[in-house]
Amino acid sequence: MSVSAQNLVWGVRRKTIVADVSLAVAPGETLGLIGPNGSGKSSLLRLLAGLKQPQSGRVEILGQDIARVPRRALARQVAFVQQSAATDTNVSVRDVVRLGRTPHRSALSGWTATDEAAVSAALEQVDMTDRRTQAWQTLSGGERQRVHIARALAQSPRVMFLDEPTNHLDIHHQIEILRMVRDLDLTSIVALHDLNLAAMFCDRIVVLQAGAVVACGTPEAVLTPGLLREVFRVEAEVSAGRCPGQPHIRFKA
Ligand SMILES: Nc1ncnc2c1ncn2[C@@H]1O[C@H](COP(=O)(O)OP(=O)(O)OP(=O)(O)O)[C@@H](O)[C@H]1O
């Protein structure tokens with residue numbers, strides 16, 4: 001498995017926020033994490049990526065217990081795209097993406113052709129090559145989001161965690177970014193609010209409710225009217241989508 005978690009528990013004071021979560025993600029798989037506001041998606045992603053320590057349970061990435069892997073070594077394997085991440089303001093788009101190379105560089109080595117190629121490819125993948133010299137603070141919300149994704153791609157990770165990466169993006173870029181994530185030769189775990197996008201781009205979906213996994217499986221198996229009513233408190237019709245295995249949800253007003 002690329003990523004596996006066993007019995008993860010995390011909370012603050014007396015409140016349990018991630019409640020005994022176990023999951024496994026295969027190499028190359030795109031796993032969607034869905035659930036209502038406050039169900040624990042961001043908290044779980046941060047535990048899986050090693051950005052938070054669980055109170056109990058463990059996470060393995062590429063067969064190694066992440067509690068024992070040095071931070072820098074982990075950063076060479078794992079990238080995390082946060083929800084509306086902040087960046088120092090006085091920098092260009094290219095500078096932000098170059099930061100993705102940090103875990104691969106030593107104090108002695110200069111900027112290499114490999115670093116440059118990774119940055120150029122990442123900018124291209126998010127459609128921001130033309131903006132590479134633009135000042136970060138002048139970008140729109142959606143452009144900033146794409147640059148943060150490019151920074152993660154420049155890291156050349158084997159596993160990528162994305163916390164609502166389609167926030168702020170127009171529909172063209174939502175689809176482009178998720179298609180790219182799905183088609184990349186890496187394992188990704190993506191928290192998403194848009195259930196139709198989750199159905200279109202995720203191989204499997206994990207549903208969180210109050211910190212616990214209440215369903216896990218293919219979009220077809222998971223996204224049923226009963227689950228949508230129970231977990232998301234919405235009435236919906238679910239029909240076969242245009243592609244096999246990708247159901248389409250129509251919410252009832
Ligand atoms: N450090 C913290 N201290 C106190 N409460 C926290 C902390 N971190 C998270 N929480 C609470 O835990 C719950 C889960 O938060 P989390 O951000 O993981 O949910 P989410 O599913 O990502 O939500 P959303 O869809 O709204 O982004 C929320 O009620 C949140 O307020």
# chains A, B, ... in the order shown; residues from 1 in each chain; ligands from 1
call {"tool": "residues_around", "arguments": {"residues": "Cys243 (chain A)", "least_positions_apart": "4", "cutoff": "12 Å", "atoms": "only C-alpha atoms", "output": "PyMOL selection string"}}
result
chain A and resi 199-201+219-220+239+247-248
call {"tool": "residues_near_ligand", "arguments": {"ligand": "ligand 1", "cutoff": "7 Å", "atoms": "only C-alpha atoms and all ligand atoms", "output": "short mmCIF file (atom, residue, chain, number, x, y, z; two decimals) with N, CA and C atoms, in the first residue's frame"}}
result
data_model
loop_
_atom_site.label_atom_id
_atom_site.label_comp_id
_atom_site.auth_asym_id
_atom_site.auth_seq_id
_atom_site.Cartn_x
_atom_site.Cartn_y
_atom_site.Cartn_z
N VAL A 12 -9.19 17.24 20.57
CA VAL A 12 -8.73 18.32 21.45
C VAL A 12 -9.59 18.32 22.70
N ILE A 17 -12.04 14.22 17.37
CA ILE A 17 -12.27 14.80 16.04
C ILE A 17 -12.02 13.77 14.94
N GLY A 35 -17.38 14.53 3.27
CA GLY A 35 -18.09 14.57 4.54
C GLY A 35 -18.56 15.98 4.77
N PRO A 36 -19.54 16.16 5.63
CA PRO A 36 -20.05 17.51 5.88
C PRO A 36 -18.99 18.41 6.54
N ASN A 37 -19.28 19.69 6.61
CA ASN A 37 -18.39 20.63 7.32
C ASN A 37 -18.13 20.10 8.73
N GLY A 38 -16.87 20.17 9.13
CA GLY A 38 -16.52 19.79 10.49
C GLY A 38 -16.49 18.30 10.74
N SER A 39 -16.56 17.48 9.67
CA SER A 39 -16.57 16.02 9.89
C SER A 39 -15.16 15.46 10.12
N GLY A 40 -14.13 16.30 9.92
CA GLY A 40 -12.78 15.85 10.24
C GLY A 40 -11.88 15.60 9.05
N LYS A 41 -12.28 16.04 7.86
CA LYS A 41 -11.49 15.76 6.65
C LYS A 41 -10.09 16.37 6.73
N SER A 42 -10.04 17.68 7.05
CA SER A 42 -8.72 18.34 7.12
C SER A 42 -7.87 17.71 8.22
N SER A 43 -8.48 17.44 9.35
CA SER A 43 -7.73 16.86 10.46
C SER A 43 -7.16 15.50 10.05
N LEU A 44 -7.97 14.69 9.41
CA LEU A 44 -7.50 13.37 8.99
C LEU A 44 -6.38 13.50 7.96
#
call {"tool": "residues_around", "arguments": {"residues": "Ser56 (chain A)", "least_positions_apart": "2", "cutoff": "8 Å", "atoms": "only C-alpha atoms", "output": "list in words"}}
result
Asn7, Leu8, Val9, Trp10, Pro54 and Arg58 of chain A
call {"tool": "write_last_selection", "arguments": {"atoms": "C-alpha atoms", "output": "CSV table (one decimal), in the first residue's frame"}}
result
chain,number,residue,atom,x,y,z
A,7,ASN,CA,-7.0,3.1,14.2
A,8,LEU,CA,-6.1,6.8,14.1
A,9,VAL,CA,-7.5,8.8,16.9
A,10,TRP,CA,-7.1,12.6,17.4
A,54,PRO,CA,-2.3,11.1,16.4
A,58,ARG,CA,-0.3,4.8,13.1
call {"tool": "closest_residue", "arguments": {"among": "A:Arg151, A:Arg229, A:Arg14, A:Arg144", "to": "Gln125 (chain A)", "atoms": "only C-alpha atoms"}}
result
A:Arg151
call {"tool": "closest_residue", "arguments": {"among": "A:Val21, A:Gln83, A:Ser4, A:His104", "to": "Ile66 (chain A)", "atoms": "only C-alpha atoms"}}
result
A:Ser4
call {"tool": "select_by_dssp", "arguments": {"residues": "region 127-240 of chain A", "states": "strand (DSSP E)", "output": "list in words"}}
result
Val159, Met160, Phe161, Leu162, Asp163, Thr187, Ser188, Ile189, Val190, Ala191, Arg204, Ile205, Val206, Val207, Leu208, Gln209, Ala212, Val213, Val214, Ala215, Cys216, Gly217, Ala236, Glu237, Val238 and Ser239 of chain A
call {"tool": "closest_residue", "arguments": {"among": "A:His148, A:Leu208, A:Val159, A:Arg98", "to": "Thr112 (chain A)", "atoms": "only C-alpha atoms"}}
result
A:Arg98
call {"tool": "select_by_dssp", "arguments": {"residues": "region 184-229 of chain A", "states": "alpha helix (DSSP H)", "output": "list in words"}}
result
Leu195, Asn196, Leu197, Ala198, Ala199, Met200, Phe201, Pro219, Glu220, Ala221, Val222, Pro225, Gly226, Leu227, Leu228 and Arg229 of chain A
call {"tool": "residues_around", "arguments": {"residues": "Asp115 (chain A)", "least_positions_apart": "6", "cutoff": "12 Å", "atoms": "only C-alpha atoms", "output": "number ranges by chain"}}
result
A: 94, 97-105, 109, 121-122, 151, 153-156
call {"tool": "atom_distance", "arguments": {"atom1": "CA of Gly211 (chain A)", "atom2": "CA of Ala19 (chain A)"}}
result
5.1 Å
call {"tool": "residues_around", "arguments": {"residues": "region 202-206 of chain A", "least_positions_apart": "4", "cutoff": "7 Å", "atoms": "only C-alpha atoms", "output": "ChimeraX atom specification"}}
result
/A:29-34,198,213,215-219
call {"tool": "decode", "arguments": {"residues": "region 8-29 of chain A", "atoms": "N, CA and C atoms", "output": "PDB file, in the first residue's frame"}}
result
ATOM      1  N   LEU A   8      -6.557   5.457  13.722  1.00  0.00           N
ATOM      2  CA  LEU A   8      -6.125   6.818  14.069  1.00  0.00           C
ATOM      3  C   LEU A   8      -7.151   7.509  14.954  1.00  0.00           C
ATOM      4  N   VAL A   9      -6.660   8.064  16.032  1.00  0.00           N
ATOM      5  CA  VAL A   9      -7.519   8.833  16.944  1.00  0.00           C
ATOM      6  C   VAL A   9      -6.828  10.162  17.209  1.00  0.00           C
ATOM      7  N   TRP A  10      -7.600  11.246  17.113  1.00  0.00           N
ATOM      8  CA  TRP A  10      -7.066  12.573  17.446  1.00  0.00           C
ATOM      9  C   TRP A  10      -8.215  13.449  17.920  1.00  0.00           C
ATOM     10  N   GLY A  11      -7.922  14.307  18.852  1.00  0.00           N
ATOM     11  CA  GLY A  11      -8.962  15.222  19.327  1.00  0.00           C
ATOM     12  C   GLY A  11      -8.358  16.350  20.112  1.00  0.00           C
ATOM     13  N   VAL A  12      -9.192  17.240  20.573  1.00  0.00           N
ATOM     14  CA  VAL A  12      -8.728  18.325  21.446  1.00  0.00           C
ATOM     15  C   VAL A  12      -9.592  18.318  22.696  1.00  0.00           C
ATOM     16  N   ARG A  13      -8.931  18.494  23.808  1.00  0.00           N
ATOM     17  CA  ARG A  13      -9.587  18.381  25.116  1.00  0.00           C
ATOM     18  C   ARG A  13     -10.449  17.113  25.133  1.00  0.00           C
ATOM     19  N   ARG A  14     -11.738  17.249  25.413  1.00  0.00           N
ATOM     20  CA  ARG A  14     -12.529  16.004  25.504  1.00  0.00           C
ATOM     21  C   ARG A  14     -13.186  15.632  24.174  1.00  0.00           C
ATOM     22  N   LYS A  15     -12.953  16.480  23.133  1.00  0.00           N
ATOM     23  CA  LYS A  15     -13.667  16.245  21.876  1.00  0.00           C
ATOM     24  C   LYS A  15     -12.833  15.366  20.936  1.00  0.00           C
ATOM     25  N   THR A  16     -13.412  14.256  20.524  1.00  0.00           N
ATOM     26  CA  THR A  16     -12.737  13.404  19.543  1.00  0.00           C
ATOM     27  C   THR A  16     -13.069  13.932  18.157  1.00  0.00           C
ATOM     28  N   ILE A  17     -12.038  14.219  17.373  1.00  0.00           N
ATOM     29  CA  ILE A  17     -12.265  14.800  16.041  1.00  0.00           C
ATOM     30  C   ILE A  17     -12.021  13.768  14.942  1.00  0.00           C
ATOM     31  N   VAL A  18     -11.033  12.902  15.152  1.00  0.00           N
ATOM     32  CA  VAL A  18     -10.821  11.764  14.242  1.00  0.00           C
ATOM     33  C   VAL A  18     -10.971  10.511  15.095  1.00  0.00           C
ATOM     34  N   ALA A  19     -11.963   9.697  14.747  1.00  0.00           N
ATOM     35  CA  ALA A  19     -12.389   8.631  15.654  1.00  0.00           C
ATOM     36  C   ALA A  19     -12.093   7.256  15.071  1.00  0.00           C
ATOM     37  N   ASP A  20     -10.935   6.728  15.403  1.00  0.00           N
ATOM     38  CA  ASP A  20     -10.606   5.352  15.065  1.00  0.00           C
ATOM     39  C   ASP A  20     -10.688   5.079  13.558  1.00  0.00           C
ATOM     40  N   VAL A  21      -9.940   5.861  12.798  1.00  0.00           N
ATOM     41  CA  VAL A  21      -9.982   5.733  11.340  1.00  0.00           C
ATOM     42  C   VAL A  21      -8.879   4.796  10.843  1.00  0.00           C
ATOM     43  N   SER A  22      -9.295   3.833  10.048  1.00  0.00           N
ATOM     44  CA  SER A  22      -8.333   2.963   9.358  1.00  0.00           C
ATOM     45  C   SER A  22      -8.642   3.039   7.871  1.00  0.00           C
ATOM     46  N   LEU A  23      -7.613   3.108   7.061  1.00  0.00           N
ATOM     47  CA  LEU A  23      -7.825   3.071   5.614  1.00  0.00           C
ATOM     48  C   LEU A  23      -6.534   2.661   4.914  1.00  0.00           C
ATOM     49  N   ALA A  24      -6.684   2.283   3.660  1.00  0.00           N
ATOM     50  CA  ALA A  24      -5.504   1.892   2.879  1.00  0.00           C
ATOM     51  C   ALA A  24      -5.676   2.415   1.460  1.00  0.00           C
ATOM     52  N   VAL A  25      -4.610   2.965   0.931  1.00  0.00           N
ATOM     53  CA  VAL A  25      -4.662   3.546  -0.420  1.00  0.00           C
ATOM     54  C   VAL A  25      -3.586   2.883  -1.269  1.00  0.00           C
ATOM     55  N   ALA A  26      -3.995   2.362  -2.407  1.00  0.00           N
ATOM     56  CA  ALA A  26      -3.067   1.605  -3.267  1.00  0.00           C
ATOM     57  C   ALA A  26      -2.216   2.565  -4.102  1.00  0.00           C
ATOM     58  N   PRO A  27      -1.038   2.110  -4.560  1.00  0.00           N
ATOM     59  CA  PRO A  27      -0.202   2.966  -5.402  1.00  0.00           C
ATOM     60  C   PRO A  27      -0.979   3.459  -6.625  1.00  0.00           C
ATOM     61  N   GLY A  28      -0.883   4.744  -6.888  1.00  0.00           N
ATOM     62  CA  GLY A  28      -1.531   5.317  -8.061  1.00  0.00           C
ATOM     63  C   GLY A  28      -3.004   5.650  -7.885  1.00  0.00           C
ATOM     64  N   GLU A  29      -3.551   5.261  -6.754  1.00  0.00           N
ATOM     65  CA  GLU A  29      -4.985   5.464  -6.556  1.00  0.00           C
ATOM     66  C   GLU A  29      -5.291   6.933  -6.220  1.00  0.00           C
TER      67      GLU A  29
END
